[in-house]
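Peer 1: What follows is protein12.csv, CSV, C-alpha atoms and all ligand atoms.
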```
chain,number,residue,atom,x,y,z
A,1,MET,CA,0.0,0.0,0.0
A,2,SER,CA,1.3,3.4,-0.8
A,3,ARG,CA,0.0,6.7,0.6
A,4,LEU,CA,0.9,10.3,-0.4
A,5,THR,CA,-0.5,13.1,1.6
A,6,GLY,CA,0.7,16.7,1.2
A,7,ASP,CA,4.3,17.0,2.2
A,8,HIS,CA,4.1,13.7,4.1
A,9,ARG,CA,5.1,10.7,2.1
A,10,SER,CA,4.4,7.4,3.8
A,11,THR,CA,4.8,4.1,2.0
A,12,THR,CA,3.4,1.1,3.8
A,13,ILE,CA,4.6,-2.2,2.4
A,14,GLU,CA,3.2,-4.7,4.8
A,15,SER,CA,0.7,-4.5,7.6
A,16,GLU,CA,-1.5,-6.3,10.1
A,17,GLY,CA,-0.2,-6.5,13.6
A,18,LYS,CA,3.5,-6.6,12.9
A,19,PRO,CA,6.0,-4.2,14.6
A,20,VAL,CA,6.4,-1.0,12.5
A,21,VAL,CA,9.8,0.1,11.3
A,22,ALA,CA,9.9,3.7,10.0
A,23,VAL,CA,12.7,4.6,7.6
A,24,VAL,CA,12.9,8.4,8.2
A,25,ASP,CA,14.4,10.7,5.7
A,26,ALA,CA,14.4,14.4,4.9
A,27,PRO,CA,12.9,15.9,1.7
A,28,GLY,CA,15.5,16.0,-0.9
A,29,GLY,CA,17.7,13.8,1.3
A,30,GLY,CA,17.2,11.1,-1.3
A,31,TYR,CA,19.0,8.4,0.7
A,32,VAL,CA,16.0,6.0,0.4
A,33,ASP,CA,13.5,6.6,-2.4
A,34,ASP,CA,12.3,3.0,-2.2
A,35,PRO,CA,12.7,1.0,1.0
A,36,ASP,CA,13.3,-2.2,-1.0
A,37,ILE,CA,16.4,-3.3,0.8
A,38,GLU,CA,14.7,-2.7,4.2
A,39,GLN,CA,11.7,-4.6,3.0
A,40,ARG,CA,13.7,-7.6,1.8
A,41,ILE,CA,15.5,-7.9,5.1
A,42,LEU,CA,12.6,-7.0,7.5
A,43,GLY,CA,9.4,-7.6,5.5
A,44,HIS,CA,8.7,-11.1,7.0
A,45,ALA,CA,8.9,-9.7,10.5
A,46,ALA,CA,7.8,-6.1,10.3
A,47,GLU,CA,5.8,-3.5,8.5
A,48,VAL,CA,8.3,-1.2,6.8
A,49,ARG,CA,7.3,2.5,6.2
A,50,LEU,CA,9.2,5.2,4.4
A,51,HIS,CA,8.5,8.5,6.2
A,52,ILE,CA,9.8,11.7,4.5
A,53,VAL,CA,9.4,14.5,7.0
A,54,PRO,CA,7.9,17.7,5.7
A,55,GLU,CA,10.1,20.5,4.5
A,56,GLY,CA,11.2,22.7,7.3
A,57,GLU,CA,10.6,20.1,10.0
A,58,HIS,CA,14.0,18.6,10.2
A,59,HIS,CA,13.9,18.9,14.0
A,60,LEU,CA,11.5,16.1,14.6
A,61,ALA,CA,9.5,16.4,17.8
A,62,GLY,CA,7.0,13.7,17.2
A,63,GLY,CA,4.5,12.4,14.6
A,64,ILE,CA,6.0,9.0,13.9
A,65,ASP,CA,4.1,6.1,15.3
A,66,ALA,CA,6.6,3.3,14.9
A,67,ASP,CA,8.4,0.7,17.1
A,68,TYR,CA,11.8,1.2,15.4
A,69,LEU,CA,13.3,4.1,13.5
A,70,ILE,CA,16.0,3.9,10.9
A,71,LEU,CA,17.0,7.6,10.9
A,72,TRP,CA,18.9,9.4,8.1
A,73,HIS,CA,21.1,12.1,9.2
A,74,ARG,CA,19.4,15.2,7.9
A,75,VAL,CA,16.5,14.6,10.3
A,76,ARG,CA,17.1,15.7,13.9
A,77,LEU,CA,15.4,13.9,16.7
A,78,ALA,CA,14.7,16.5,19.4
A,79,ARG,CA,13.9,16.1,23.0
A,80,GLY,CA,10.1,16.4,22.4
A,81,PHE,CA,10.2,13.3,20.2
A,82,PHE,CA,11.4,11.1,23.0
A,83,GLU,CA,9.0,12.6,25.5
A,84,THR,CA,6.0,11.8,23.2
A,85,ALA,CA,7.0,8.7,21.2
A,86,LYS,CA,6.1,6.1,23.8
A,87,ARG,CA,6.0,3.4,21.2
A,88,CYS,CA,9.6,3.8,20.0
A,89,ARG,CA,11.8,0.9,21.1
A,90,ALA,CA,15.0,1.9,19.4
A,91,VAL,CA,16.6,4.3,16.9
A,92,VAL,CA,19.2,3.1,14.4
A,93,CYS,CA,21.1,6.1,12.9
A,94,ALA,CA,21.9,5.2,9.3
A,95,SER,CA,25.2,7.1,9.7
A,96,VAL,CA,28.5,7.2,11.5
A,97,GLY,CA,27.8,10.5,13.3
A,98,TYR,CA,24.9,10.7,15.8
A,99,ASP,CA,25.0,14.4,16.7
A,100,HIS,CA,21.5,14.8,15.2
A,101,VAL,CA,19.9,12.8,18.0
A,102,ASP,CA,19.3,14.2,21.5
A,103,ARG,CA,21.0,11.3,23.3
A,104,VAL,CA,20.3,12.6,26.8
A,105,ALA,CA,16.6,12.7,26.0
A,106,ALA,CA,16.7,9.3,24.4
A,107,ALA,CA,18.4,7.8,27.4
A,108,ALA,CA,15.9,9.5,29.7
A,109,GLY,CA,13.1,8.0,27.6
A,110,GLY,CA,14.7,4.6,27.8
A,111,VAL,CA,15.2,4.4,24.0
A,112,PRO,CA,18.6,2.9,22.9
A,113,VAL,CA,20.3,4.6,20.0
A,114,PHE,CA,22.5,2.7,17.6
A,115,HIS,CA,24.7,3.9,14.7
A,116,VAL,CA,26.5,2.2,11.8
A,117,PRO,CA,30.1,3.4,12.0
A,118,HIS,CA,31.8,1.1,9.7
A,119,TYR,CA,30.1,1.1,6.3
A,120,GLY,CA,32.0,3.8,4.5
A,121,SER,CA,35.3,4.6,6.1
A,122,GLU,CA,37.1,3.8,2.9
A,123,GLU,CA,35.0,6.2,0.8
A,124,VAL,CA,35.4,9.1,3.3
A,125,ALA,CA,39.2,8.5,3.4
A,126,ASP,CA,39.3,8.4,-0.4
A,127,HIS,CA,37.3,11.6,-0.5
A,128,ALA,CA,39.6,13.4,2.0
A,129,LEU,CA,42.6,12.2,-0.1
A,130,ALA,CA,40.9,13.5,-3.3
A,131,LEU,CA,40.2,16.9,-1.8
A,132,ALA,CA,43.8,17.2,-0.4
A,133,LEU,CA,45.4,16.0,-3.6
A,134,SER,CA,43.2,18.2,-5.8
A,135,LEU,CA,44.2,21.2,-3.8
A,136,ALA,CA,47.9,20.3,-3.5
A,137,ARG,CA,48.1,19.9,-7.3
A,138,ARG,CA,46.0,23.0,-7.7
A,139,LEU,CA,43.4,21.2,-9.9
A,140,PRO,CA,40.5,23.8,-9.4
A,141,GLU,CA,42.8,26.6,-10.5
A,142,LEU,CA,44.2,24.7,-13.4
A,143,ASP,CA,40.8,23.6,-14.5
A,144,ARG,CA,39.5,27.2,-14.3
A,145,HIS,CA,42.5,28.4,-16.2
A,146,VAL,CA,42.0,26.0,-19.1
A,147,ARG,CA,38.2,26.5,-19.2
A,148,SER,CA,38.8,30.3,-19.6
A,149,GLY,CA,41.0,29.7,-22.6
A,150,GLY,CA,44.4,29.4,-21.1
A,151,TRP,CA,47.2,26.7,-21.6
A,152,ASP,CA,50.0,27.8,-19.3
A,153,TRP,CA,51.6,25.3,-17.0
A,154,GLN,CA,52.6,28.1,-14.7
A,155,ALA,CA,49.0,28.4,-13.6
A,156,ILE,CA,49.9,25.6,-11.2
A,157,GLY,CA,51.5,28.4,-9.0
A,158,ASP,CA,53.6,27.3,-6.0
A,159,ALA,CA,52.6,23.6,-5.9
A,160,ARG,CA,55.1,21.5,-3.9
A,161,ARG,CA,56.3,17.9,-3.9
A,162,LEU,CA,54.0,15.7,-1.9
A,163,ARG,CA,56.7,13.4,-0.6
A,164,GLU,CA,58.2,16.3,1.3
A,165,MET,CA,54.9,17.2,3.0
A,166,THR,CA,53.6,16.4,6.5
A,167,CYS,CA,50.0,15.3,6.8
A,168,GLY,CA,48.4,16.0,10.2
A,169,LEU,CA,45.3,14.1,11.1
A,170,ILE,CA,43.0,15.4,13.8
A,171,GLY,CA,41.2,12.2,15.1
A,172,PHE,CA,42.7,8.9,14.5
A,173,GLY,CA,39.8,6.5,14.4
A,174,ARG,CA,38.6,4.4,11.4
A,175,ILE,CA,38.7,7.2,8.9
A,176,GLY,CA,41.8,8.9,10.2
A,177,MET,CA,43.7,5.6,10.0
A,178,ALA,CA,42.5,4.9,6.5
A,179,VAL,CA,43.7,8.4,5.5
A,180,ALA,CA,47.0,7.8,7.1
A,181,GLN,CA,47.5,4.7,5.0
A,182,ARG,CA,46.8,6.6,1.8
A,183,MET,CA,49.0,9.6,2.7
A,184,LYS,CA,51.9,7.2,3.6
A,185,ALA,CA,51.5,5.6,0.2
A,186,LEU,CA,52.2,9.0,-1.3
A,187,GLY,CA,55.4,9.2,0.7
A,188,MET,CA,54.2,11.8,3.2
A,189,ARG,CA,55.2,12.0,6.8
A,190,VAL,CA,52.0,11.4,8.8
A,191,VAL,CA,51.3,12.7,12.3
A,192,PHE,CA,48.1,12.6,14.3
A,193,HIS,CA,46.5,14.1,17.3
A,194,ASP,CA,44.0,12.0,19.2
A,195,PRO,CA,44.0,11.9,23.0
A,196,TYR,CA,41.6,9.0,23.2
A,197,THR,CA,42.9,6.4,20.8
A,198,HIS,CA,45.0,3.3,21.9
A,199,PRO,CA,48.3,4.2,23.5
A,200,GLY,CA,51.1,3.0,21.1
A,201,ILE,CA,48.8,2.7,18.0
A,202,GLU,CA,51.4,4.8,16.2
A,203,LYS,CA,54.0,2.0,16.4
A,204,PRO,CA,52.3,-0.7,14.3
A,205,LEU,CA,51.0,1.9,11.8
A,206,THR,CA,54.4,3.7,11.6
A,207,VAL,CA,53.0,7.2,12.1
A,208,GLU,CA,53.8,9.8,14.7
A,209,ARG,CA,51.6,10.9,17.6
A,210,VAL,CA,51.4,14.5,18.6
A,211,HIS,CA,50.1,15.1,22.1
A,212,ARG,CA,49.2,18.8,21.6
A,213,LEU,CA,46.8,19.9,18.8
A,214,ASP,CA,48.8,23.2,18.6
A,215,ASP,CA,51.9,21.3,17.7
A,216,LEU,CA,50.2,19.4,14.9
A,217,LEU,CA,48.8,22.6,13.5
A,218,GLY,CA,52.3,24.2,13.4
A,219,GLN,CA,54.0,21.4,11.4
A,220,ALA,CA,51.4,20.0,9.0
A,221,ASP,CA,51.2,21.0,5.3
A,222,ILE,CA,47.9,19.2,5.0
A,223,VAL,CA,45.5,19.0,8.0
A,224,SER,CA,42.6,16.6,7.7
A,225,VAL,CA,39.8,16.5,10.3
A,226,HIS,CA,38.3,13.2,11.4
A,227,VAL,CA,36.8,13.8,14.9
A,228,PRO,CA,33.1,13.3,15.8
A,229,LEU,CA,31.1,16.5,16.5
A,230,ASP,CA,30.4,16.9,20.2
A,231,THR,CA,30.5,19.7,22.7
A,232,ALA,CA,34.3,19.3,23.0
A,233,THR,CA,35.0,19.4,19.2
A,234,ARG,CA,32.5,22.1,18.2
A,235,HIS,CA,34.8,24.9,16.8
A,236,LEU,CA,37.8,22.9,17.7
A,237,LEU,CA,39.5,24.9,14.9
A,238,GLY,CA,38.7,28.5,15.6
A,239,ALA,CA,40.6,31.7,14.9
A,240,ARG,CA,43.4,30.9,17.4
A,241,GLU,CA,44.0,27.4,16.1
A,242,LEU,CA,43.8,28.4,12.4
A,243,GLY,CA,46.3,31.1,13.2
A,244,LEU,CA,48.8,28.4,14.2
A,245,LEU,CA,48.7,26.8,10.7
A,246,LYS,CA,51.7,27.0,8.4
A,247,PRO,CA,51.3,29.7,5.8
A,248,GLY,CA,50.2,27.9,2.6
A,249,ALA,CA,48.7,24.9,4.5
A,250,ILE,CA,45.8,22.9,3.1
A,251,LEU,CA,42.8,22.2,5.4
A,252,VAL,CA,40.4,19.3,4.7
A,253,ASN,CA,37.2,18.7,6.6
A,254,THR,CA,35.1,15.6,5.9
A,255,ALA,CA,34.0,15.1,9.5
A,256,ARG,CA,31.3,17.6,10.5
A,257,GLY,CA,31.1,21.3,9.5
A,258,ALA,CA,30.8,22.8,13.0
A,259,VAL,CA,34.2,21.4,14.0
A,260,VAL,CA,35.7,24.3,12.0
A,261,ASP,CA,34.4,27.8,12.9
A,262,ALA,CA,33.2,29.0,9.5
A,263,ALA,CA,33.5,32.8,10.3
A,264,ALA,CA,37.1,32.3,11.5
A,265,LEU,CA,37.9,30.2,8.4
A,266,ARG,CA,36.8,33.1,6.2
A,267,THR,CA,39.3,35.4,7.8
A,268,ALA,CA,42.0,32.8,8.0
A,269,LEU,CA,41.8,32.1,4.3
A,270,GLU,CA,42.7,35.7,3.7
A,271,ASP,CA,45.8,35.2,5.8
A,272,ARG,CA,46.6,32.0,3.8
A,273,ARG,CA,46.4,29.9,7.0
A,274,PRO,CA,45.1,27.8,5.5
A,275,ALA,CA,45.7,28.9,1.9
A,276,TYR,CA,43.4,26.2,0.6
A,277,VAL,CA,40.4,24.5,2.1
A,278,GLY,CA,38.6,21.3,1.0
A,279,LEU,CA,35.2,20.8,2.7
A,280,ASP,CA,32.7,18.0,2.4
A,281,VAL,CA,30.8,19.4,5.3
A,282,VAL,CA,29.8,22.9,6.4
A,283,GLU,CA,28.2,24.4,9.5
A,284,ASP,CA,24.4,24.6,9.1
A,285,GLU,CA,24.1,22.3,6.2
A,286,PRO,CA,22.5,22.4,3.7
A,287,GLY,CA,22.9,26.2,3.9
A,288,ILE,CA,26.3,27.3,2.6
A,289,PRO,CA,27.6,30.9,2.8
A,290,GLN,CA,27.9,32.8,-0.5
A,291,TRP,CA,31.5,33.7,0.3
A,292,LEU,CA,32.4,30.0,0.4
A,293,ARG,CA,30.6,29.2,-2.8
A,294,GLU,CA,32.7,31.9,-4.5
A,295,HIS,CA,36.0,31.5,-2.8
A,296,PRO,CA,38.7,30.7,-5.4
A,297,ARG,CA,40.8,28.6,-3.0
A,298,ALA,CA,37.9,26.6,-1.6
A,299,LEU,CA,36.9,23.2,-3.0
A,300,VAL,CA,33.5,22.2,-1.6
A,301,THR,CA,31.4,19.0,-2.0
A,302,PRO,CA,27.9,18.5,-0.7
A,303,HIS,CA,28.4,15.9,2.1
A,304,ALA,CA,29.0,13.2,-0.5
A,305,ALA,CA,32.2,11.7,1.0
A,306,PHE,CA,30.3,8.7,2.5
A,307,TYR,CA,28.9,7.6,-0.8
A,308,SER,CA,29.6,4.8,-3.2
A,309,VAL,CA,27.0,2.4,-4.7
A,310,GLN,CA,28.5,-0.2,-2.4
A,311,SER,CA,28.7,1.9,0.8
A,312,LEU,CA,25.1,3.1,0.6
A,313,THR,CA,23.9,-0.5,0.1
A,314,GLU,CA,26.0,-1.7,3.0
A,315,LEU,CA,24.7,1.1,5.2
A,316,ARG,CA,21.1,0.3,4.5
A,317,THR,CA,21.7,-3.4,4.9
A,318,ARG,CA,23.5,-3.1,8.2
A,319,ALA,CA,20.8,-0.7,9.6
A,320,ALA,CA,18.0,-3.1,8.6
A,321,GLU,CA,19.8,-6.1,9.9
A,322,ALA,CA,20.3,-4.4,13.2
A,323,VAL,CA,16.6,-3.9,13.6
A,324,LEU,CA,16.0,-7.6,12.6
A,325,GLN,CA,18.5,-8.7,15.3
A,326,MET,CA,16.5,-6.6,17.8
A,327,LEU,CA,13.2,-8.2,16.6
A,328,ASP,CA,14.8,-11.7,16.8
A,329,GLY,CA,16.2,-10.9,20.3
A,330,THR,CA,19.7,-11.8,19.2
A,331,GLN,CA,22.9,-9.9,19.8
A,332,VAL,CA,23.0,-6.7,17.8
A,333,THR,CA,26.1,-6.9,15.7
A,334,SER,CA,25.2,-5.0,12.6
A,335,ALA,CA,25.1,-1.7,14.4
A,336,PHE,CA,26.6,-0.4,17.6
A,337,ALA,CA,25.1,1.3,20.6
A,338,VAL,CA,26.2,5.0,20.7
A,339,PRO,CA,28.2,5.9,23.8
B,1,LIG,P1,35.9,7.1,14.9
B,1,LIG,O1,35.0,7.1,16.1
B,1,LIG,O2,36.4,5.8,14.4
B,1,LIG,O3,37.1,8.1,15.1
B,1,LIG,C1,37.0,9.4,15.6
B,1,LIG,C2,38.3,9.6,16.4
B,1,LIG,O4,38.3,10.9,16.9
B,1,LIG,C3,38.4,8.7,17.7
B,1,LIG,O5,39.6,8.0,17.6
B,1,LIG,C4,38.4,9.7,18.8
B,1,LIG,O6,39.3,9.3,19.9
B,1,LIG,C5,38.9,10.9,18.2
B,1,LIG,N1,38.6,12.2,18.9
B,1,LIG,C6,37.5,12.5,19.6
B,1,LIG,N2,37.6,13.7,20.1
B,1,LIG,C7,38.8,14.2,19.7
B,1,LIG,C8,39.4,15.4,20.0
B,1,LIG,N3,38.9,16.4,20.7
B,1,LIG,N4,40.7,15.6,19.4
B,1,LIG,C9,41.2,14.6,18.7
B,1,LIG,N5,40.7,13.4,18.5
B,1,LIG,C10,39.4,13.2,19.0
B,1,LIG,O7,35.0,7.8,13.7
B,1,LIG,P2,35.3,7.7,12.2
B,1,LIG,O8,34.6,6.5,11.6
B,1,LIG,O9,36.7,7.9,11.9
B,1,LIG,O10,34.5,9.0,11.7
B,1,LIG,C11,34.9,10.3,12.0
B,1,LIG,C12,33.8,11.3,11.7
B,1,LIG,O11,33.6,11.4,10.3
B,1,LIG,C13,32.4,10.8,12.2
B,1,LIG,O12,32.2,11.2,13.6
B,1,LIG,C14,31.4,11.5,11.3
B,1,LIG,O13,30.9,12.7,11.9
B,1,LIG,C15,32.3,11.9,10.1
B,1,LIG,N6,31.8,11.2,8.8
B,1,LIG,C16,31.5,12.0,7.8
B,1,LIG,C17,31.1,11.4,6.6
B,1,LIG,C18,30.8,12.2,5.3
B,1,LIG,O14,30.1,11.8,4.5
B,1,LIG,N7,31.4,13.4,5.2
B,1,LIG,C19,30.8,10.0,6.6
B,1,LIG,C20,31.2,9.3,7.7
B,1,LIG,C21,31.6,9.9,8.8
```
Can the structure in the file be given as structure tokens, please?
Peer 2:
Amino acid sequence: MSRLTGDHRSTTIESEGKPVVAVVDAPGGGYVDDPDIEQRILGHAAEVRLHIVPEGEHHLAGGIDADYLILWHRVRLARGFFETAKRCRAVVCASVGYDHVDRVAAAAGGVPVFHVPHYGSEEVADHALALALSLARRLPELDRHVRSGGWDWQAIGDARRLREMTCGLIGFGRIGMAVAQRMKALGMRVVFHDPYTHPGIEKPLTVERVHRLDDLLGQADIVSVHVPLDTATRHLLGARELGLLKPGAILVNTARGAVVDAAALRTALEDRRPAYVGLDVVEDEPGIPQWLREHPRALVTPHAAFYSVQSLTELRTRAAEAVLQMLDGTQVTSAFAVP
């Protein structure tokens, strides 16, 4: 059965007394147009509904009558949702980050929250590498030069040899480590700052640990950000920190926009610390400031780093399998409880 009412789109594929699993996406999110994967995995045990929240209601405070939610990241679950959604037994975030869910309210409401942190680490690492390499080799400038009728190799400007660069990684989890492997393959020295990762992890991975963020910022030619967004990492890179970068440095952020203070970044770019910025994420997505759209030394992609045909399929499969494991009462191994 399929129902379309106003801005609400609700596609019901099974019914009659089964638990309800709502796949919740934002308009234009486009992650799930057809819940066919979820239906294939869950259809025998649950009623699967696709719920597209109305435009302008990304902070969801209620209105979904379901036992389980598979939640896509452009929809925010606010406190009010957990106060009113008495039927909700669990939320599975179809994402690595879970900063879009009020976890305190979820815990107070007794609703466990899961996420799927391991579906697309390679894609994000590849994307961070692509942004860094494109900027290091000045591809946006060269492309603009050729498109405007030029053919002068000197348009490459002051590009430097990669093998003599240092790459500094802020956050050394799944994605940070995958980026380290890629940068090392290019011959770069790799340093990282992560106060919480395993002591000694630098040894087997033959990278260097930097205990103070300030020291990383002062020595890296390419800085790539791979921390989760939380209260401690919001604006982790503000005016002071950006001022510590090497002149000419490249900054890449594929983590979350708010880790970098956008207003401070605008000023810092004028000072060429960083000289170039590659962003897959911005503060207040999907809004993007006009100055950033127009900046000649910014390379910006629309939060696409996670994506490949395979990673999206893996993500949807893992999220649905996690709900099935909950329904079966077996150990949940396809997703992980958020801390
Ligand atoms: P992860 O949990 O494996 O690694 C994050 C690391 O950051 C951890 O090792 C943690 O110790 C470290 N960390 C936390 N606070 C820190 C701080 N203040 N300073 C330094 N290090 C700190 O996560 P991951 O899988 O590597 O993903 C990283 C982030 O990437 C996610 O949280 C998510 O927001 C983002 N992400 C973006 C996309 C995209 O499409 N752009 C896709 C997936 C993930």
Peer 1: Tell me, in Å to one decimal, how far CA of Lys246 in chain A is from CA of Gly278 in chain A.
Peer 2: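 The value is 16.1 Å.
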Peer 1: I need the residue nearest ligand LIG 1 (chain B) from this list: A:Asp221, A:Glu55, A:Asp65, A:Asp214. Use only C-alpha atoms and all ligand atoms for the distance.
Peer 2: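 Going through A:Asp221, A:Glu55, A:Asp65, A:Asp214 one by one, the smallest distance to ligand LIG 1 (chain B) is for A:Asp214.
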Peer 1: All residues within 6 Å of ligand LIG 1 (chain B) are required, counting all atoms listed in the file; please report them as a ChimeraX atom specification.
Peer 2: /A:96-97,117,121,124,170-176,193-197,226-229,232-233,254-256,280,303-306
Peer 1: Taking only C-alpha atoms into account, name the residue in A:Ala185, A:Ala90, A:Leu242, A:Val111 that is nearest to Asp261 in chain A.
Peer 2: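 For Asp261 in chain A, the nearest of the given residues is A:Leu242.
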Peer 1: Closest to Leu251 in chain A among A:Tyr276, A:Phe192, A:Phe81, A:Tyr119, using all atoms listed in the file?
Peer 2: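 With all atoms listed in the file as the atom set, the closest residue is A:Tyr276.
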Peer 1: Hey, can you pull every residue with an atom no more than 9 Å from (41.3, 30.9, -4.2), using only C-alpha atoms, and send it as a list in words?
Peer 2: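 Here the neighbourhood of the point contains Pro140, Glu141, Leu269, Ala275, Tyr276, Glu294, His295, Pro296, Arg297, Ala298 and Leu299 of chain A.
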Peer 1: So that I have them on file, write out the residues from the current selection with C-alpha atoms, as a CSV table (one decimal), keeping the file's coordinate frame.
Peer 2:
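And here is the file that came out, again32.csv:
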```
chain,number,residue,atom,x,y,z
A,140,PRO,CA,40.5,23.8,-9.4
A,141,GLU,CA,42.8,26.6,-10.5
A,269,LEU,CA,41.8,32.1,4.3
A,275,ALA,CA,45.7,28.9,1.9
A,276,TYR,CA,43.4,26.2,0.6
A,294,GLU,CA,32.7,31.9,-4.5
A,295,HIS,CA,36.0,31.5,-2.8
A,296,PRO,CA,38.7,30.7,-5.4
A,297,ARG,CA,40.8,28.6,-3.0
A,298,ALA,CA,37.9,26.6,-1.6
A,299,LEU,CA,36.9,23.2,-3.0
```
Peer 1: Given the choices A:Asp152, A:Gln39, A:Pro54, A:Phe114, which gets closest to Leu71 in chain A if the distance is worked out from all atoms listed in the file?
Peer 2: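 Ranking A:Asp152, A:Gln39, A:Pro54, A:Phe114 by distance to Leu71 in chain A, first place goes to A:Phe114.
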Peer 1: Using only C-alpha atoms, pick whichever of A:Cys93, A:Ile250, A:Leu142, A:Leu77 has the shortest atom-to-atom distance to Arg316 in chain A.
Peer 2: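 Smallest distance to Arg316 in chain A is found for A:Cys93.
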Peer 1: Looking at all atoms listed in the file, which of A:Val300, A:Ala45, A:Val104, A:Val21 is the one that sits closest to Cys88 in chain A?
Peer 2: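 When distances to Cys88 in chain A are compared using all atoms listed in the file, the smallest one comes from A:Val21.
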Peer 1: One number please: CA of Thr231 in chain A to CA of Ile201 in chain A, in Å, one decimal.
Peer 2: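 Answer for the CA of Thr231 in chain A to CA of Ile201 in chain A separation: 25.4 Å.
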Peer 1: Please indicate the distance in Å from CA of Ala78 in chain A to CA of Ala66 in chain A, rounded to one decimal place.
Peer 2: 16.1 Å
Peer 1: Skip Arg163 in chain A itself and residues of its chain fewer than 4 positions away, then list as a JSON list (two decimals) with C-alpha atoms, in the coordinates of the input all residues within 10 Å of it, counting only C-alpha atoms.
Peer 2:
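around18.json, written as the output of this step:
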```json
[["chain", "number", "residue", "atom", "x", "y", "z"],
["A", 183, "MET", "CA", 49.00, 9.60, 2.70],
["A", 184, "LYS", "CA", 51.90, 7.20, 3.60],
["A", 185, "ALA", "CA", 51.50, 5.60, 0.20],
["A", 186, "LEU", "CA", 52.20, 9.00, -1.30],
["A", 187, "GLY", "CA", 55.40, 9.20, 0.70],
["A", 188, "MET", "CA", 54.20, 11.80, 3.20],
["A", 189, "ARG", "CA", 55.20, 12.00, 6.80]]
```
Peer 1: Show me the residues close to (12.1, 11.9, 17.8) - anything with an atom within 12 Å, counting all atoms listed in the file - and format the list as an NGL selection string.
Peer 2: :A and (22 or 24 or 53 or 57-71 or 75-93 or 100-103 or 105-106 or 109 or 111 or 113)
